[in-house]
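Asks: Following this line is entry-v7.pdb, made up of PDB, C-alpha atoms and all ligand atoms:
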ATOM      1  CA  MET A  27      62.011  43.370 101.688
ATOM      2  CA  ASN A  28      62.886  40.620  99.240
ATOM      3  CA  VAL A  29      61.292  40.209  95.823
ATOM      4  CA  LEU A  30      61.676  37.399  93.293
ATOM      5  CA  GLY A  31      62.984  39.136  90.154
ATOM      6  CA  ILE A  32      62.206  37.436  86.846
ATOM      7  CA  ASP A  33      63.406  38.336  83.355
ATOM      8  CA  ILE A  34      61.357  36.934  80.478
ATOM      9  CA  GLY A  35      63.401  36.847  77.289
ATOM     10  CA  GLY A  36      63.186  35.350  73.823
ATOM     11  CA  SER A  37      65.436  32.379  74.670
ATOM     12  CA  GLY A  38      65.458  32.146  78.470
ATOM     13  CA  ILE A  39      63.301  32.923  81.508
ATOM     14  CA  LYS A  40      65.607  33.716  84.431
ATOM     15  CA  GLY A  41      65.020  34.592  88.032
ATOM     16  CA  ALA A  42      66.538  35.082  91.460
ATOM     17  CA  PRO A  43      65.397  36.457  94.801
ATOM     18  CA  VAL A  44      66.674  40.010  95.240
ATOM     19  CA  ASN A  45      67.345  42.103  98.310
ATOM     20  CA  VAL A  46      65.734  45.311  97.042
ATOM     21  CA  LYS A  47      67.619  47.494  99.540
ATOM     22  CA  THR A  48      71.051  46.470  98.257
ATOM     23  CA  GLY A  49      70.270  45.047  94.807
ATOM     24  CA  GLU A  50      72.016  41.810  95.745
ATOM     25  CA  LEU A  51      70.884  38.413  94.528
ATOM     26  CA  LEU A  52      70.052  36.217  97.513
ATOM     27  CA  ALA A  53      70.529  32.944  95.643
ATOM     28  CA  LYS A  54      72.079  31.695  92.438
ATOM     29  CA  ARG A  55      70.108  32.716  89.388
ATOM     30  CA  LYS A  56      67.997  29.986  87.785
ATOM     31  CA  ARG A  57      67.221  29.819  84.079
ATOM     32  CA  PHE A  58      64.702  27.804  82.112
ATOM     33  CA  ASP A  59      64.448  27.816  78.323
ATOM     34  CA  THR A  60      61.598  29.973  77.060
ATOM     35  CA  PRO A  61      58.926  27.499  75.921
ATOM     36  CA  GLN A  62      58.300  27.354  72.177
ATOM     37  CA  PRO A  63      55.819  28.587  71.190
ATOM     38  CA  ALA A  64      55.985  31.109  74.040
ATOM     39  CA  THR A  65      52.242  31.312  74.568
ATOM     40  CA  PRO A  66      50.926  33.134  77.658
ATOM     41  CA  ASP A  67      49.957  29.809  79.209
ATOM     42  CA  ALA A  68      53.376  28.215  78.654
ATOM     43  CA  VAL A  69      55.242  31.331  79.865
ATOM     44  CA  ALA A  70      53.071  31.470  82.999
ATOM     45  CA  ASP A  71      53.909  27.819  83.691
ATOM     46  CA  THR A  72      57.622  28.560  83.412
ATOM     47  CA  VAL A  73      57.255  31.463  85.844
ATOM     48  CA  LEU A  74      55.506  29.049  88.209
ATOM     49  CA  ARG A  75      58.468  26.651  87.859
ATOM     50  CA  LEU A  76      60.785  29.454  88.972
ATOM     51  CA  VAL A  77      58.529  30.243  91.931
ATOM     52  CA  ARG A  78      58.607  26.570  92.947
ATOM     53  CA  HIS A  79      62.361  26.286  92.363
ATOM     54  CA  PHE A  80      62.949  29.016  94.958
ATOM     55  CA  ASP A  81      60.036  27.832  97.104
ATOM     56  CA  TRP A  82      58.959  31.479  96.886
ATOM     57  CA  ASP A  83      56.094  32.981  98.815
ATOM     58  CA  GLY A  84      56.431  36.728  98.294
ATOM     59  CA  PRO A  85      56.034  39.390  95.615
ATOM     60  CA  LEU A  86      57.245  39.037  92.018
ATOM     61  CA  GLY A  87      58.835  41.706  89.813
ATOM     62  CA  VAL A  88      58.877  40.708  86.163
ATOM     63  CA  ALA A  89      60.769  42.168  83.183
ATOM     64  CA  PHE A  90      58.883  41.584  79.951
ATOM     65  CA  PRO A  91      59.925  42.256  76.309
ATOM     66  CA  ALA A  92      56.994  44.469  75.311
ATOM     67  CA  ARG A  93      55.348  47.796  75.968
ATOM     68  CA  VAL A  94      53.519  47.355  79.262
ATOM     69  CA  ARG A  95      50.947  49.730  80.752
ATOM     70  CA  ARG A  96      49.369  48.980  84.118
ATOM     71  CA  GLY A  97      50.264  45.319  83.671
ATOM     72  CA  VAL A  98      48.832  44.982  80.161
ATOM     73  CA  ALA A  99      51.172  44.018  77.283
ATOM     74  CA  GLU A 100      50.482  46.241  74.295
ATOM     75  CA  THR A 101      53.020  45.045  71.713
ATOM     76  CA  ALA A 102      54.704  41.760  70.838
ATOM     77  CA  SER A 103      57.652  42.154  68.466
ATOM     78  CA  ASN A 104      59.613  39.196  69.797
ATOM     79  CA  ILE A 105      56.997  37.254  71.769
ATOM     80  CA  ASP A 106      53.791  35.386  71.012
ATOM     81  CA  LYS A 107      51.151  37.737  69.593
ATOM     82  CA  ALA A 108      48.596  36.271  72.018
ATOM     83  CA  PHE A 109      50.155  38.509  74.687
ATOM     84  CA  ILE A 110      48.812  41.670  73.037
ATOM     85  CA  GLY A 111      46.051  43.134  75.195
ATOM     86  CA  LEU A 112      46.651  40.600  77.962
ATOM     87  CA  ASP A 113      46.880  41.652  81.606
ATOM     88  CA  VAL A 114      50.184  39.912  82.368
ATOM     89  CA  ASP A 115      50.132  40.996  86.033
ATOM     90  CA  LYS A 116      46.803  39.206  86.407
ATOM     91  CA  LEU A 117      47.857  36.123  84.412
ATOM     92  CA  LEU A 118      50.922  35.583  86.616
ATOM     93  CA  GLU A 119      49.102  36.440  89.838
ATOM     94  CA  GLU A 120      46.436  33.875  89.058
ATOM     95  CA  ARG A 121      48.981  31.201  88.099
ATOM     96  CA  THR A 122      51.327  31.728  91.062
ATOM     97  CA  GLY A 123      48.981  33.153  93.700
ATOM     98  CA  LEU A 124      51.582  35.881  94.344
ATOM     99  CA  PRO A 125      51.390  39.689  93.907
ATOM    100  CA  THR A 126      53.062  40.564  90.595
ATOM    101  CA  HIS A 127      54.265  43.699  88.807
ATOM    102  CA  VAL A 128      55.407  43.463  85.187
ATOM    103  CA  LEU A 129      57.385  46.161  83.377
ATOM    104  CA  ASN A 130      59.229  46.495  80.082
ATOM    105  CA  ASP A 131      62.548  44.600  80.072
ATOM    106  CA  ALA A 132      64.783  47.507  79.030
ATOM    107  CA  ASP A 133      63.027  49.771  81.544
ATOM    108  CA  ALA A 134      63.747  47.108  84.174
ATOM    109  CA  ALA A 135      67.416  46.865  83.177
ATOM    110  CA  GLY A 136      67.663  50.647  83.364
ATOM    111  CA  VAL A 137      66.020  50.742  86.797
ATOM    112  CA  GLY A 138      68.614  48.191  87.947
ATOM    113  CA  GLU A 139      71.500  50.251  86.566
ATOM    114  CA  VAL A 140      70.185  53.601  87.813
ATOM    115  CA  HIS A 141      69.651  52.316  91.363
ATOM    116  CA  PHE A 142      72.472  49.815  91.769
ATOM    117  CA  GLY A 143      74.797  50.034  88.733
ATOM    118  CA  GLY A 144      76.580  52.561  86.545
ATOM    119  CA  GLY A 145      73.726  55.096  86.557
ATOM    120  CA  GLN A 146      73.654  55.610  90.328
ATOM    121  CA  GLY A 147      73.386  59.243  91.348
ATOM    122  CA  VAL A 148      73.599  60.548  87.759
ATOM    123  CA  LYS A 149      71.549  63.734  87.316
ATOM    124  CA  GLY A 150      69.838  64.653  84.072
ATOM    125  CA  VAL A 151      68.957  62.287  81.247
ATOM    126  CA  VAL A 152      70.202  58.692  81.385
ATOM    127  CA  MET A 153      69.470  56.326  78.537
ATOM    128  CA  MET A 154      69.645  52.548  78.820
ATOM    129  CA  ILE A 155      69.965  50.660  75.539
ATOM    130  CA  THR A 156      69.807  46.868  75.412
ATOM    131  CA  LEU A 157      71.145  44.910  72.449
ATOM    132  CA  GLY A 158      69.706  41.405  72.358
ATOM    133  CA  THR A 159      66.955  39.634  70.448
ATOM    134  CA  GLY A 160      65.549  43.133  70.027
ATOM    135  CA  ILE A 161      66.741  46.639  70.842
ATOM    136  CA  GLY A 162      65.223  47.958  74.043
ATOM    137  CA  SER A 163      65.409  51.401  75.627
ATOM    138  CA  GLY A 164      64.908  52.872  79.072
ATOM    139  CA  LEU A 165      64.851  56.629  79.625
ATOM    140  CA  PHE A 166      65.468  58.274  83.002
ATOM    141  CA  VAL A 167      65.296  61.898  84.094
ATOM    142  CA  ASP A 168      67.005  62.548  87.435
ATOM    143  CA  GLY A 169      66.563  58.857  88.246
ATOM    144  CA  HIS A 170      62.862  58.767  87.323
ATOM    145  CA  LEU A 171      61.761  56.368  84.610
ATOM    146  CA  VAL A 172      59.870  57.596  81.540
ATOM    147  CA  PRO A 173      58.423  54.178  80.680
ATOM    148  CA  ASN A 174      57.944  52.411  77.356
ATOM    149  CA  THR A 175      60.094  54.540  75.076
ATOM    150  CA  GLU A 176      60.502  51.643  72.555
ATOM    151  CA  LEU A 177      63.384  53.282  70.684
ATOM    152  CA  GLY A 178      64.282  50.025  68.942
ATOM    153  CA  HIS A 179      61.471  50.797  66.528
ATOM    154  CA  VAL A 180      62.753  54.233  65.520
ATOM    155  CA  VAL A 181      63.382  54.856  61.802
ATOM    156  CA  LEU A 182      67.003  55.978  61.392
ATOM    157  CA  PRO A 183      68.120  58.668  58.950
ATOM    158  CA  GLY A 184      68.332  56.806  55.644
ATOM    159  CA  GLY A 185      65.180  54.810  56.305
ATOM    160  CA  LYS A 186      66.288  51.682  58.232
ATOM    161  CA  VAL A 187      64.534  50.687  61.450
ATOM    162  CA  ALA A 188      66.981  50.392  64.386
ATOM    163  CA  GLU A 189      66.058  46.906  65.691
ATOM    164  CA  PRO A 190      66.174  44.868  62.463
ATOM    165  CA  PHE A 191      69.392  46.730  61.559
ATOM    166  CA  ALA A 192      71.393  46.517  64.771
ATOM    167  CA  ALA A 193      69.957  44.044  67.309
ATOM    168  CA  ASP A 194      72.458  41.427  68.487
ATOM    169  CA  ARG A 195      70.249  38.766  66.915
ATOM    170  CA  VAL A 196      70.932  40.396  63.525
ATOM    171  CA  ARG A 197      74.695  40.343  64.142
ATOM    172  CA  LYS A 198      74.456  36.598  64.739
ATOM    173  CA  ALA A 199      72.053  35.902  61.850
ATOM    174  CA  GLU A 200      74.116  37.876  59.338
ATOM    175  CA  LYS A 201      77.432  36.681  60.857
ATOM    176  CA  LEU A 202      78.687  40.277  61.075
ATOM    177  CA  ASP A 203      82.190  40.866  62.391
ATOM    178  CA  TRP A 204      82.406  43.123  65.432
ATOM    179  CA  LYS A 205      83.677  46.128  63.488
ATOM    180  CA  THR A 206      80.787  46.000  61.002
ATOM    181  CA  TYR A 207      78.317  45.457  63.825
ATOM    182  CA  GLY A 208      79.870  48.333  65.780
ATOM    183  CA  LYS A 209      79.286  50.657  62.818
ATOM    184  CA  ARG A 210      75.609  49.725  62.791
ATOM    185  CA  VAL A 211      75.209  50.242  66.528
ATOM    186  CA  GLN A 212      77.037  53.565  66.238
ATOM    187  CA  LYS A 213      74.422  54.775  63.711
ATOM    188  CA  VAL A 214      71.707  53.953  66.254
ATOM    189  CA  ILE A 215      73.591  55.565  69.142
ATOM    190  CA  ALA A 216      74.295  58.708  67.112
ATOM    191  CA  TYR A 217      70.613  59.165  66.336
ATOM    192  CA  TYR A 218      69.472  58.588  69.919
ATOM    193  CA  ASP A 219      72.143  61.060  71.003
ATOM    194  CA  PHE A 220      70.785  63.617  68.535
ATOM    195  CA  LEU A 221      67.163  63.058  69.600
ATOM    196  CA  PHE A 222      67.625  63.039  73.381
ATOM    197  CA  ALA A 223      70.995  64.657  74.205
ATOM    198  CA  PRO A 224      71.491  62.300  77.172
ATOM    199  CA  ASP A 225      74.019  62.881  79.934
ATOM    200  CA  LEU A 226      74.890  59.193  80.063
ATOM    201  CA  MET A 227      74.231  56.170  77.866
ATOM    202  CA  ILE A 228      74.361  52.666  79.346
ATOM    203  CA  VAL A 229      74.601  49.744  76.956
ATOM    204  CA  GLY A 230      73.392  46.292  78.045
ATOM    205  CA  GLY A 231      73.280  42.851  76.468
ATOM    206  CA  GLY A 232      76.112  40.497  75.502
ATOM    207  CA  VAL A 233      78.359  43.366  74.327
ATOM    208  CA  SER A 234      78.517  44.703  77.902
ATOM    209  CA  LYS A 235      80.584  41.715  79.085
ATOM    210  CA  PRO A 236      84.006  43.105  80.049
ATOM    211  CA  GLU A 237      85.941  40.890  77.615
ATOM    212  CA  ARG A 238      83.731  42.078  74.735
ATOM    213  CA  TRP A 239      83.303  45.717  75.782
ATOM    214  CA  SER A 240      87.059  46.337  75.858
ATOM    215  CA  GLU A 241      87.001  46.049  72.053
ATOM    216  CA  PHE A 242      83.411  47.019  71.298
ATOM    217  CA  GLY A 243      83.117  50.099  73.542
ATOM    218  CA  PRO A 244      85.784  52.100  71.657
ATOM    219  CA  LEU A 245      83.756  51.686  68.428
ATOM    220  CA  LEU A 246      80.985  53.878  69.896
ATOM    221  CA  THR A 247      80.926  57.623  70.486
ATOM    222  CA  ALA A 248      78.331  60.190  71.541
ATOM    223  CA  SER A 249      78.234  63.666  73.060
ATOM    224  CA  CYS A 250      78.103  61.990  76.508
ATOM    225  CA  PRO A 251      79.899  59.052  78.131
ATOM    226  CA  ILE A 252      78.824  55.566  76.986
ATOM    227  CA  VAL A 253      79.316  52.834  79.581
ATOM    228  CA  PRO A 254      78.541  49.104  79.695
ATOM    229  CA  ALA A 255      75.846  47.834  82.058
ATOM    230  CA  THR A 256      77.650  46.911  85.261
ATOM    231  CA  LEU A 257      74.936  44.486  86.431
ATOM    232  CA  LYS A 258      75.228  42.650  83.099
ATOM    233  CA  ASN A 259      72.713  39.843  82.738
ATOM    234  CA  ASP A 260      71.193  40.493  86.152
ATOM    235  CA  ALA A 261      70.108  44.094  85.484
ATOM    236  CA  GLY A 262      66.555  43.136  84.424
ATOM    237  CA  ILE A 263      66.033  40.777  87.366
ATOM    238  CA  ILE A 264      67.300  43.328  89.884
ATOM    239  CA  GLY A 265      65.462  46.273  88.294
ATOM    240  CA  ALA A 266      62.132  44.436  88.022
ATOM    241  CA  ALA A 267      62.382  43.340  91.666
ATOM    242  CA  TYR A 268      63.259  46.843  92.845
ATOM    243  CA  HIS A 269      60.506  48.459  90.767
ATOM    244  CA  SER A 270      57.930  46.062  92.151
ATOM    245  CA  SER A 271      58.954  46.968  95.705
ATOM    246  CA  THR A 272      58.243  50.658  95.009
ATOM    247  CA  LEU A 273      54.616  49.941  94.022
ATOM    248  CA  LYS A 274      51.673  48.899  96.133
TER     249      LYS A 274
HETATM  250  C1  LIG B 301      60.297  45.411  72.152
HETATM  251  C2  LIG B 301      60.621  46.153  73.429
HETATM  252  C3  LIG B 301      61.736  45.423  74.172
HETATM  253  C4  LIG B 301      62.916  45.164  73.259
HETATM  254  C5  LIG B 301      63.997  44.352  73.950
HETATM  255  C6  LIG B 301      61.550  45.215  71.347
HETATM  256  O1  LIG B 301      61.255  44.531  70.179
HETATM  257  O2  LIG B 301      59.357  46.145  71.393
HETATM  258  O3  LIG B 301      59.495  46.255  74.236
HETATM  259  O4  LIG B 301      62.145  46.210  75.269
HETATM  260  O5  LIG B 301      62.502  44.480  72.106
HETATM  261  O6  LIG B 301      63.519  43.120  74.366
END
Can the structure in the file be given as structure tokens, please?

Replies:
Amino acid sequence: MNVLGIDIGGSGIKGAPVNVKTGELLAKRKRFDTPQPATPDAVADTVLRLVRHFDWDGPLGVAFPARVRRGVAETASNIDKAFIGLDVDKLLEERTGLPTHVLNDADAAGVGEVHFGGGQGVKGVVMMITLGTGIGSGLFVDGHLVPNTELGHVVLPGGKVAEPFAADRVRKAEKLDWKTYGKRVQKVIAYYDFLFAPDLMIVGGGVSKPERWSEFGPLLTASCPIVPATLKNDAGIIGAAYHSSTLK
């Protein structure tokens, strides 16, 4: 089965049709700027543009930057507050006329990595951490997702909250050099390691690009291996599509 995977982010809304058996993209990814303000109505219209771009007439799997339970967005740290309490599955189904499943973006990226990337076949606890506009987390036990862990909002020892301390957006805003930024991310990683004792940590976002990871990766240590996301920017699209195919 093929599913149109869509990743809704703070700056871009990206999508591509995905072969959910292999995790392959069936066409070149398409990106539209996230409308500003990113109201539910404007975001739904952009999703419809993606559907039309691919002339799509099948299910949608959507990665969304919030806590999501049974299709309903429950938080909105980096998106329009009007999404809180909204049934996003229903909103997008009504706008596109297509069956839709929405899940948290970091959960989606983790699902992509666990099924088709660096987390394949790993037993035990796998933690996906995404460094972007926010900090997202996806937790897996023997390949099964524990959804909505929201570890970007954890208070670190010393009193700082992880996301406003070490999201990639903060690196850019404060013009931090990579070494200084690496030290911040290491504080976050060390605390997650202490709290969850994972068997593998997968880091996604811009730092996972091979040319960046070769320098950034060595700045991070934990009691388990730490690897970059192998699906890079496509992890959310692929994971959301796959996840949707596992649901009714
Ligand atoms: C949100 C999470 C999201 C993360 C990455 C956080 O601010 O609360 O739901 O996964 O940003 O987008």

Asks: Give me the residues within 6 Å of range 172-186 of chain A as a count of residues only, counting all atoms listed in the file and dropping any in the same chain fewer than 5 places off.

Replies: 6

Asks: Please, what distance in Å, to one decimal, runs between CA of Gly49 in chain A and CA of Phe242 in chain A?

Replies: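 It comes out at 27.0 Å.
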
Asks: Give the residue list for ligand LIG 301 (chain B) at 8 Å, counting only C-alpha atoms and all ligand atoms, as a ChimeraX atom specification, sorted by chain and then by residue number.

Replies: /A:35-36,90-94,101-104,130-133,156-163,174,176,178-179,189

Asks: So how far away is CA of Pro85 in chain A from CA of Thr122 in chain A, in Å?

Replies: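 Pair CA of Thr122 in chain A / CA of Pro85 in chain A returns 10.1 Å.
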
Asks: Restricting the calculation to only C-alpha atoms, which member of A:Leu86, A:Val73, A:Ala223, A:Val152 is positioned closest to Leu30 in chain A?

Replies: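 Smallest distance to Leu30 in chain A is found for A:Leu86.
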
Asks: Give me the residues near Thr256 in chain A as a list in words, where near means some atom within 6 Å (using only C-alpha atoms) and where sequence neighbours in that chain fewer than 2 positions away do not count.

Replies: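 After dropping sequence-adjacent residues, the list is Gly143, Gly144 and Lys258 of chain A.
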
Asks: How many Å separate CA of Asp33 in chain A from CA of Met154 in chain A?

Replies: 16.2 Å

Asks: I would like the residues chosen by the PyMOL selection byres (((chain A and resi 211) around 10) and not hetatm) on the shown file; could you give them as a list in words?

Replies: Leu157, Ala188, Glu189, Phe191, Ala192, Ala193, Asp194, Lys205, Thr206, Tyr207, Gly208, Lys209, Arg210, Gln212, Lys213, Val214, Ile215, Ala216, Leu245 and Leu246 of chain A

Asks: Hey, which of A:Ser240, A:Ser37, A:Asn45, A:Ser249 ends up closest to Tyr268 in chain A? Count only C-alpha atoms.

Replies: A:Asn45

Asks: For range 68-75 of chain A, what centre and edge lengths in Å (one decimal) does the axis-aligned box get once 3 Å is added on each side of all its listed atoms, as JSON?

Replies:
{"center_x": 55.8, "center_y": 29.1, "center_z": 83.4, "size_x": 11.4, "size_y": 10.8, "size_z": 15.6}

Asks: Pick the closest to Leu221 in chain A from A:Ala248, A:Pro236, A:Arg197, A:Arg55: which is it, counting only C-alpha atoms?

Replies: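 The answer is A:Ala248, which sits nearest to Leu221 in chain A.
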
Asks: Could you tell me which residues the PyMOL selection byres (((chain A and resi 111) around 12) and not hetatm) grabs in this file, written as an NGL selection string?

Replies: :A and (66 or 92-102 or 106-110 or 112-117)

Asks: What residues come out when you apply the PyMOL selection byres (((chain A and resi 38) around 7) and not hetatm) to this file, written as a ChimeraX atom specification?

Replies: /A:34-37,39-40,57-60

Asks: Measuring atom to atom with only C-alpha atoms, identify which of A:Leu124, A:Val229, A:Leu129, A:Ile105 is nearest to Ala64 in chain A.

Replies: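 Checking each of A:Leu124, A:Val229, A:Leu129, A:Ile105 against Ala64 in chain A, counting only C-alpha atoms, the winner is A:Ile105.
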
Asks: Return the single residue from A:Leu52, A:Val140, A:Ala42, A:Leu171 that is closest to Leu257 in chain A, with distances computed using all atoms listed in the file.

Replies: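 Of A:Leu52, A:Val140, A:Ala42, A:Leu171, the one nearest Leu257 in chain A is A:Val140, counting all atoms listed in the file.
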
Asks: Enumerate, in order of chain and increasing residue number, the residues of range 124-169 of chain A with an atom no farther than 6 Å from range 260-267 of chain A, each with its shortest atom pair and distance in Å to one decimal, counting only C-alpha atoms, as JSON lines.

Replies:
{"residue": "A:Ala134", "atom": "CA", "partner": "A:Gly265", "partner_atom": "CA", "distance": 4.5}
{"residue": "A:Ala135", "atom": "CA", "partner": "A:Gly262", "partner_atom": "CA", "distance": 4.0}
{"residue": "A:Val137", "atom": "CA", "partner": "A:Gly265", "partner_atom": "CA", "distance": 4.7}
{"residue": "A:Gly138", "atom": "CA", "partner": "A:Gly265", "partner_atom": "CA", "distance": 3.7}

Asks: For a quick check of understanding, using all atoms listed in the file, which of A:Met227, A:Val69, A:Ile252, A:Met27 has the smallest distance to Gly136 in chain A?

Replies: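 So, comparing all the options, the nearest one is A:Met227.
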
Asks: Working from the structure I just supplied, which lacks atoms in range 227-245 of chain A, can you model N, CA and C atoms there and output them as a CSV table (one decimal), keeping the file's coordinate frame?

Replies:
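The file below, rebuild.csv, is the result:
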chain,number,residue,atom,x,y,z
A,227,MET,N,74.9,57.3,78.5
A,227,MET,CA,74.2,56.2,77.9
A,227,MET,C,74.8,54.9,78.5
A,228,ILE,N,73.9,54.0,78.8
A,228,ILE,CA,74.4,52.7,79.3
A,228,ILE,C,73.9,51.6,78.4
A,229,VAL,N,74.9,50.8,77.9
A,229,VAL,CA,74.6,49.7,77.0
A,229,VAL,C,74.6,48.4,77.6
A,230,GLY,N,73.5,47.6,77.5
A,230,GLY,CA,73.4,46.3,78.0
A,230,GLY,C,73.3,45.2,77.0
A,231,GLY,N,73.3,44.0,77.4
A,231,GLY,CA,73.3,42.9,76.5
A,231,GLY,C,74.7,42.2,76.4
A,232,GLY,N,74.8,41.2,75.6
A,232,GLY,CA,76.1,40.5,75.5
A,232,GLY,C,77.3,41.4,75.3
A,233,VAL,N,77.2,42.5,74.6
A,233,VAL,CA,78.4,43.4,74.3
A,233,VAL,C,78.9,44.0,75.6
A,234,SER,N,78.1,44.0,76.7
A,234,SER,CA,78.5,44.7,77.9
A,234,SER,C,79.5,43.8,78.7
A,235,LYS,N,79.6,42.6,78.3
A,235,LYS,CA,80.6,41.7,79.1
A,235,LYS,C,82.0,42.3,79.0
A,236,PRO,N,82.7,42.4,80.1
A,236,PRO,CA,84.0,43.1,80.0
A,236,PRO,C,84.9,42.7,78.9
A,237,GLU,N,85.0,41.4,78.7
A,237,GLU,CA,85.9,40.9,77.6
A,237,GLU,C,85.5,41.4,76.2
A,238,ARG,N,84.2,41.6,76.0
A,238,ARG,CA,83.7,42.1,74.7
A,238,ARG,C,83.8,43.6,74.7
A,239,TRP,N,83.4,44.3,75.8
A,239,TRP,CA,83.3,45.7,75.8
A,239,TRP,C,84.7,46.4,75.6
A,240,SER,N,85.7,45.7,76.0
A,240,SER,CA,87.1,46.3,75.9
A,240,SER,C,87.4,46.6,74.4
A,241,GLU,N,86.8,45.8,73.5
A,241,GLU,CA,87.0,46.0,72.1
A,241,GLU,C,85.8,46.8,71.4
A,242,PHE,N,84.6,46.5,71.9
A,242,PHE,CA,83.4,47.0,71.3
A,242,PHE,C,83.2,48.5,71.7
A,243,GLY,N,83.4,48.8,73.0
A,243,GLY,CA,83.1,50.1,73.5
A,243,GLY,C,83.8,51.2,72.7
A,244,PRO,N,85.1,51.0,72.4
A,244,PRO,CA,85.8,52.1,71.7
A,244,PRO,C,85.2,52.3,70.3
A,245,LEU,N,84.4,51.5,69.8
A,245,LEU,CA,83.8,51.7,68.4
A,245,LEU,C,82.6,52.7,68.5
